[in-house]
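Below: one structure, written as C-alpha coordinates.
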Amino acid sequence: MTDFSPFFEYGGKEMRDILDTEVPASSVGPDDFFLYVMGPYTMFDLNYVPNMERAEGDQLAPEYVDDPLFDPDNHTTGKRGSYEAALADLCSDIRSKIGARAFLATDVGIPTPATADSNEQGRTPLSQSLSFAAVSDAVIFIYSHAALNAGVGTEMGAVLSEFNLRPDWNTQEKKPRPRFRVYYTPYFSSATVNEVSTDFIIDDLDFSSRDGLLNQVEQFVVGVQRATENQGLPIWID
(Lines give C-alpha, C1' and ligand atoms only; values in the text may rest on other atoms or scores of the structure.)
Protein backbone atom coordinates (compact mmCIF):
# COMPACT_ATOMS: atom_id res chain seq x y z
CA MET A 1 0.00 0.00 0.00
CA THR A 2 1.26 3.48 -0.84
CA ASP A 3 2.77 5.54 1.97
CA PHE A 4 0.78 8.77 1.59
CA SER A 5 2.70 10.90 4.07
CA PRO A 6 4.77 12.64 1.32
CA PHE A 7 1.56 13.57 -0.51
CA PHE A 8 0.39 15.80 2.34
CA GLU A 9 3.22 18.31 1.93
CA TYR A 10 5.38 19.92 -0.71
CA GLY A 11 8.57 21.94 -0.27
CA GLY A 12 8.32 21.75 3.51
CA LYS A 13 4.77 23.15 3.54
CA GLU A 14 1.49 21.42 4.35
CA MET A 15 -0.53 20.85 1.19
CA ARG A 16 -3.66 22.36 2.75
CA ASP A 17 -1.67 25.51 3.52
CA ILE A 18 -0.50 25.64 -0.10
CA LEU A 19 -4.12 25.38 -1.28
CA ASP A 20 -5.13 28.09 1.16
CA THR A 21 -2.49 30.38 -0.33
CA GLU A 22 -3.09 29.66 -4.02
CA VAL A 23 -6.78 28.82 -4.41
CA PRO A 24 -9.05 31.90 -4.58
CA ALA A 25 -11.32 32.32 -1.60
CA SER A 26 -15.07 31.85 -1.75
CA SER A 27 -17.19 34.95 -1.34
CA VAL A 28 -20.27 33.12 -0.04
CA GLY A 29 -19.07 30.21 2.06
CA PRO A 30 -16.40 28.93 4.44
CA ASP A 31 -12.79 29.26 3.35
CA ASP A 32 -11.83 25.81 4.57
CA PHE A 33 -13.82 23.60 2.16
CA PHE A 34 -11.63 22.67 -0.83
CA LEU A 35 -13.24 21.04 -3.86
CA TYR A 36 -10.80 19.45 -6.30
CA VAL A 37 -12.21 19.44 -9.84
CA MET A 38 -10.82 16.92 -12.31
CA GLY A 39 -11.82 16.87 -15.96
CA PRO A 40 -10.52 16.96 -19.54
CA TYR A 41 -8.43 19.96 -20.54
CA THR A 42 -8.86 19.76 -24.34
CA MET A 43 -11.93 19.94 -26.59
CA PHE A 44 -12.24 17.54 -29.49
CA ASP A 45 -11.78 19.36 -32.81
CA LEU A 46 -13.96 17.77 -35.51
CA ASN A 47 -11.44 18.89 -38.13
CA TYR A 48 -8.52 17.13 -36.50
CA VAL A 49 -8.57 14.07 -38.76
CA PRO A 50 -9.15 16.02 -42.01
CA ASN A 51 -6.28 18.33 -41.05
CA MET A 52 -3.93 15.38 -40.94
CA GLU A 53 -4.70 14.72 -44.60
CA ARG A 54 -4.42 18.30 -45.88
CA ALA A 55 -1.34 20.05 -47.18
CA GLU A 56 0.88 21.74 -44.61
CA GLY A 57 -0.40 25.22 -43.84
CA ASP A 58 -3.84 24.53 -45.31
CA GLN A 59 -5.77 24.35 -42.08
CA LEU A 60 -9.48 24.41 -41.33
CA ALA A 61 -10.87 26.56 -38.54
CA PRO A 62 -11.52 24.54 -35.39
CA GLU A 63 -14.98 23.05 -35.18
CA TYR A 64 -16.28 21.88 -31.84
CA VAL A 65 -19.14 19.75 -30.56
CA ASP A 66 -21.77 21.58 -28.51
CA ASP A 67 -21.10 21.27 -24.78
CA PRO A 68 -22.93 22.64 -21.71
CA LEU A 69 -19.78 24.23 -20.26
CA PHE A 70 -17.68 25.16 -23.29
CA ASP A 71 -17.99 28.45 -25.19
CA PRO A 72 -15.51 28.67 -28.10
CA ASP A 73 -15.65 32.47 -28.07
CA ASN A 74 -14.50 32.61 -24.45
CA HIS A 75 -12.50 29.43 -23.93
CA THR A 76 -10.05 29.34 -26.84
CA THR A 77 -8.35 32.72 -26.52
CA GLY A 78 -6.28 32.41 -23.33
CA LYS A 79 -3.25 30.42 -22.19
CA ARG A 80 -5.31 27.57 -20.76
CA GLY A 81 -6.39 24.54 -22.73
CA SER A 82 -9.80 24.84 -24.36
CA TYR A 83 -11.84 22.70 -21.95
CA GLU A 84 -9.51 23.59 -19.10
CA ALA A 85 -10.68 27.20 -19.51
CA ALA A 86 -14.29 26.03 -19.32
CA LEU A 87 -13.57 24.11 -16.11
CA ALA A 88 -11.77 27.14 -14.67
CA ASP A 89 -14.90 29.23 -15.26
CA LEU A 90 -16.95 26.49 -13.59
CA CYS A 91 -14.65 26.63 -10.56
CA SER A 92 -15.12 30.39 -10.41
CA ASP A 93 -18.91 29.94 -10.43
CA ILE A 94 -18.69 27.32 -7.68
CA ARG A 95 -16.62 29.66 -5.52
CA SER A 96 -18.97 32.62 -6.04
CA LYS A 97 -22.34 30.82 -5.98
CA ILE A 98 -21.88 27.69 -3.87
CA GLY A 99 -19.17 28.53 -1.39
CA ALA A 100 -16.64 25.75 -1.93
CA ARG A 101 -13.08 26.69 -2.88
CA ALA A 102 -13.08 24.83 -6.18
CA PHE A 103 -9.81 24.49 -8.07
CA LEU A 104 -8.01 22.69 -10.89
CA ALA A 105 -4.57 21.11 -10.60
CA THR A 106 -3.18 23.89 -12.80
CA ASP A 107 -4.36 26.51 -10.31
CA VAL A 108 -1.66 25.37 -7.89
CA GLY A 109 1.91 26.28 -8.75
CA ILE A 110 3.64 22.95 -8.28
CA PRO A 111 5.90 22.18 -11.25
CA THR A 112 6.21 18.86 -13.01
CA PRO A 113 9.65 17.22 -13.19
CA ALA A 114 9.99 18.49 -16.76
CA THR A 115 9.30 22.13 -15.80
CA ALA A 116 10.95 22.28 -12.37
CA ASP A 117 14.04 24.42 -11.82
CA SER A 118 17.22 22.81 -10.60
CA ASN A 119 16.41 23.81 -7.02
CA GLU A 120 12.80 22.56 -7.16
CA GLN A 121 11.34 19.12 -6.66
CA GLY A 122 8.80 18.51 -9.41
CA ARG A 123 5.82 16.24 -9.10
CA THR A 124 4.18 14.34 -11.89
CA PRO A 125 0.57 15.24 -12.79
CA LEU A 126 -0.65 11.98 -11.24
CA SER A 127 1.28 12.60 -8.01
CA GLN A 128 -0.20 16.09 -7.85
CA SER A 129 -3.70 14.72 -8.34
CA LEU A 130 -3.16 12.18 -5.57
CA SER A 131 -2.04 14.98 -3.25
CA PHE A 132 -4.90 17.34 -4.11
CA ALA A 133 -7.51 14.59 -3.89
CA ALA A 134 -6.13 13.32 -0.58
CA VAL A 135 -6.25 16.68 1.22
CA SER A 136 -9.40 18.15 -0.36
CA ASP A 137 -12.76 18.03 1.37
CA ALA A 138 -14.39 16.66 -1.78
CA VAL A 139 -13.46 15.62 -5.32
CA ILE A 140 -15.52 15.72 -8.49
CA PHE A 141 -14.73 14.20 -11.89
CA ILE A 142 -16.30 15.77 -14.98
CA TYR A 143 -16.56 14.06 -18.37
CA SER A 144 -17.85 15.46 -21.65
CA HIS A 145 -18.69 13.78 -24.94
CA ALA A 146 -17.19 16.87 -26.61
CA ALA A 147 -13.72 16.66 -25.02
CA LEU A 148 -10.71 14.35 -24.87
CA ASN A 149 -11.25 12.35 -21.68
CA ALA A 150 -8.44 9.77 -21.71
CA GLY A 151 -6.24 11.62 -19.21
CA VAL A 152 -8.87 12.23 -16.56
CA GLY A 153 -10.19 8.69 -17.02
CA THR A 154 -6.75 7.27 -16.27
CA GLU A 155 -6.26 9.58 -13.28
CA MET A 156 -9.68 8.75 -11.85
CA GLY A 157 -8.92 5.03 -11.89
CA ALA A 158 -5.51 5.63 -10.31
CA VAL A 159 -6.86 7.91 -7.56
CA LEU A 160 -9.77 5.67 -6.60
CA SER A 161 -7.58 2.56 -6.67
CA GLU A 162 -4.77 4.16 -4.63
CA PHE A 163 -7.36 5.18 -2.04
CA ASN A 164 -8.49 1.53 -1.75
CA LEU A 165 -12.06 2.16 -2.92
CA ARG A 166 -12.57 -1.14 -4.73
CA PRO A 167 -15.21 -2.89 -2.57
CA ASP A 168 -13.81 -6.33 -3.42
CA TRP A 169 -10.40 -5.47 -1.95
CA ASN A 170 -9.85 -6.50 1.65
CA THR A 171 -8.20 -3.18 2.54
CA GLN A 172 -9.25 -0.10 4.51
CA GLU A 173 -10.46 2.78 2.34
CA LYS A 174 -8.27 5.85 2.74
CA LYS A 175 -10.85 8.51 1.84
CA PRO A 176 -14.61 8.07 2.32
CA ARG A 177 -16.56 7.36 -0.86
CA PRO A 178 -19.22 10.05 -0.09
CA ARG A 179 -16.53 12.66 -0.73
CA PHE A 180 -16.38 11.71 -4.44
CA ARG A 181 -18.85 12.34 -7.24
CA VAL A 182 -18.79 11.81 -11.03
CA TYR A 183 -20.65 14.01 -13.54
CA TYR A 184 -20.92 13.54 -17.30
CA THR A 185 -22.83 14.93 -20.25
CA PRO A 186 -25.79 12.84 -21.50
CA TYR A 187 -24.05 11.71 -24.71
CA PHE A 188 -20.82 10.71 -23.01
CA SER A 189 -20.12 7.00 -23.23
CA SER A 190 -17.26 5.06 -21.67
CA ALA A 191 -17.55 1.54 -20.33
CA THR A 192 -14.96 2.28 -17.64
CA VAL A 193 -16.46 5.57 -16.46
CA ASN A 194 -20.07 4.47 -16.78
CA GLU A 195 -19.34 1.51 -14.49
CA VAL A 196 -17.53 3.51 -11.81
CA SER A 197 -20.58 3.21 -9.56
CA THR A 198 -20.15 -0.56 -9.69
CA ASP A 199 -16.35 -0.74 -9.55
CA PHE A 200 -15.89 1.82 -6.77
CA ILE A 201 -19.39 2.53 -5.36
CA ILE A 202 -19.13 6.20 -6.35
CA ASP A 203 -22.32 8.06 -7.26
CA ASP A 204 -22.53 9.43 -10.80
CA LEU A 205 -24.96 11.87 -12.43
CA ASP A 206 -25.41 13.35 -15.87
CA PHE A 207 -25.89 17.04 -16.62
CA SER A 208 -27.17 18.87 -19.69
CA SER A 209 -26.72 22.50 -18.61
CA ARG A 210 -24.28 24.64 -16.65
CA ASP A 211 -26.95 25.64 -14.14
CA GLY A 212 -28.02 22.03 -13.76
CA LEU A 213 -24.47 20.98 -12.96
CA LEU A 214 -24.06 23.83 -10.47
CA ASN A 215 -27.24 22.73 -8.69
CA GLN A 216 -25.98 19.16 -8.51
CA VAL A 217 -22.57 20.25 -7.22
CA GLU A 218 -24.24 22.44 -4.60
CA GLN A 219 -26.34 19.50 -3.36
CA PHE A 220 -23.20 17.36 -3.23
CA VAL A 221 -21.17 19.96 -1.30
CA VAL A 222 -23.99 20.57 1.18
CA GLY A 223 -24.36 16.81 1.67
CA VAL A 224 -20.66 16.41 2.43
CA GLN A 225 -20.74 19.36 4.84
CA ARG A 226 -23.76 17.96 6.70
CA ALA A 227 -22.27 14.48 6.87
CA THR A 228 -19.06 15.96 8.25
CA GLU A 229 -20.95 17.86 10.94
CA ASN A 230 -23.37 15.08 11.85
CA GLN A 231 -21.33 11.93 11.31
CA GLY A 232 -17.76 13.16 11.72
CA LEU A 233 -16.96 12.17 8.12
CA PRO A 234 -13.14 12.37 7.93
CA ILE A 235 -11.27 13.81 4.97
CA TRP A 236 -8.64 11.10 5.30
CA ILE A 237 -8.68 7.78 7.12
CA ASP A 238 -5.36 6.87 8.76
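We name chains A, B, ... following the order of the C-alpha coordinates; residues begin at 1 in each chain, and ligands are numbered from 1 as shown.
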Distance query A:Thr171 at most 12 Å, only C-alpha atoms, self and fewer than 5 positions along chain excluded, as a VMD selection string: chain A and resid 1 161 to 166 237
Residues of stretch 88-119 of chain A at most 8 Å from stretch 27-41 of chain A: nearest atom pair and distance in Å, only C-alpha atoms, as JSON lines:
{"residue": "A:Cys91", "atom": "CA", "partner": "A:Val37", "partner_atom": "CA", "distance": 7.6}
{"residue": "A:Arg95", "atom": "CA", "partner": "A:Ser27", "partner_atom": "CA", "distance": 6.8}
{"residue": "A:Ser96", "atom": "CA", "partner": "A:Ser27", "partner_atom": "CA", "distance": 5.5}
{"residue": "A:Lys97", "atom": "CA", "partner": "A:Val28", "partner_atom": "CA", "distance": 6.7}
{"residue": "A:Ile98", "atom": "CA", "partner": "A:Val28", "partner_atom": "CA", "distance": 6.8}
{"residue": "A:Gly99", "atom": "CA", "partner": "A:Gly29", "partner_atom": "CA", "distance": 3.8}
{"residue": "A:Ala100", "atom": "CA", "partner": "A:Phe33", "partner_atom": "CA", "distance": 5.4}
{"residue": "A:Arg101", "atom": "CA", "partner": "A:Phe34", "partner_atom": "CA", "distance": 4.7}
{"residue": "A:Ala102", "atom": "CA", "partner": "A:Leu35", "partner_atom": "CA", "distance": 4.4}
{"residue": "A:Phe103", "atom": "CA", "partner": "A:Tyr36", "partner_atom": "CA", "distance": 5.4}
{"residue": "A:Leu104", "atom": "CA", "partner": "A:Val37", "partner_atom": "CA", "distance": 5.4}
{"residue": "A:Ala105", "atom": "CA", "partner": "A:Met38", "partner_atom": "CA", "distance": 7.7}
Shortest interatomic distance to A:Val159 - which of A:Phe4, A:Asp238, A:Gly78, A:Glu195, counting only C-alpha atoms: A:Phe4
Contacts of A:Gly212 at 12 Å (only C-alpha atoms; same-chain gap of 5+ positions) as a ChimeraX atom specification: /A:68-69,90,183-185,205-207,217-219
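Shortest separation to A:Ala138 among A:Pro234, A:Pro125, A:Pro111, A:Gly153 occurs at residue A:Pro234, atoms counted being only C-alpha atoms.
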Residues near A:Gly11, cut-off 12 Å, only C-alpha atoms, skip fewer than 2 positions along chain, as a list in words: Pro6, Phe7, Phe8, Glu9, Lys13, Glu14, Met15, Asp17, Ile18, Gly109, Ile110, Pro111, Asn119, Glu120, Gln121, Gly122 and Arg123 of chain A
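Note that atom CA of A:Val196 and atom CA of A:Ser5 are 26.8 Å apart.
Note that the spacing between atom CA of A:Asp89 and atom CA of A:Ile140 amounts to 15.1 Å.
Closest approach to A:Gln128 among A:Ser26, A:Asn149, A:Ser208, A:Thr106: A:Thr106, based on only C-alpha atoms.
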Counting only C-alpha atoms, the residue of A:Trp169, A:Ser136, A:Glu155, A:Lys174 that sits nearest A:Asp3: A:Lys174
In stretch 64-176 of chain A, DSSP alpha helix (DSSP H) residues written as a ChimeraX atom specification: /A:72-75,82-97,125-135,150-162
Polymer residues at most 7 Å from stretch 83-85 of chain A, only C-alpha atoms, same-chain spacing of 2 or more positions, as a ChimeraX atom specification: /A:40-43,70,75,80-81,87-89
Closest of A:His145, A:Lys79, A:Arg226, A:Arg210 to A:Pro178 - atom-to-atom distances counting only C-alpha atoms: A:Arg226
In chain A, DSSP strand (DSSP E or B) residues written as a PyMOL selection string: chain A and resi 9-10+13-14+34-38+43+45+64+101-103+138-143+147+180-184+204-206
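Distance check against A:Ser92 using only C-alpha atoms: of A:Tyr10, A:Ala25, A:Ala114, A:Leu19, the minimum falls on A:Ala25.
Picture a line from atom CA of A:Ile142 to atom CA of A:Val182; it runs 6.1 Å.
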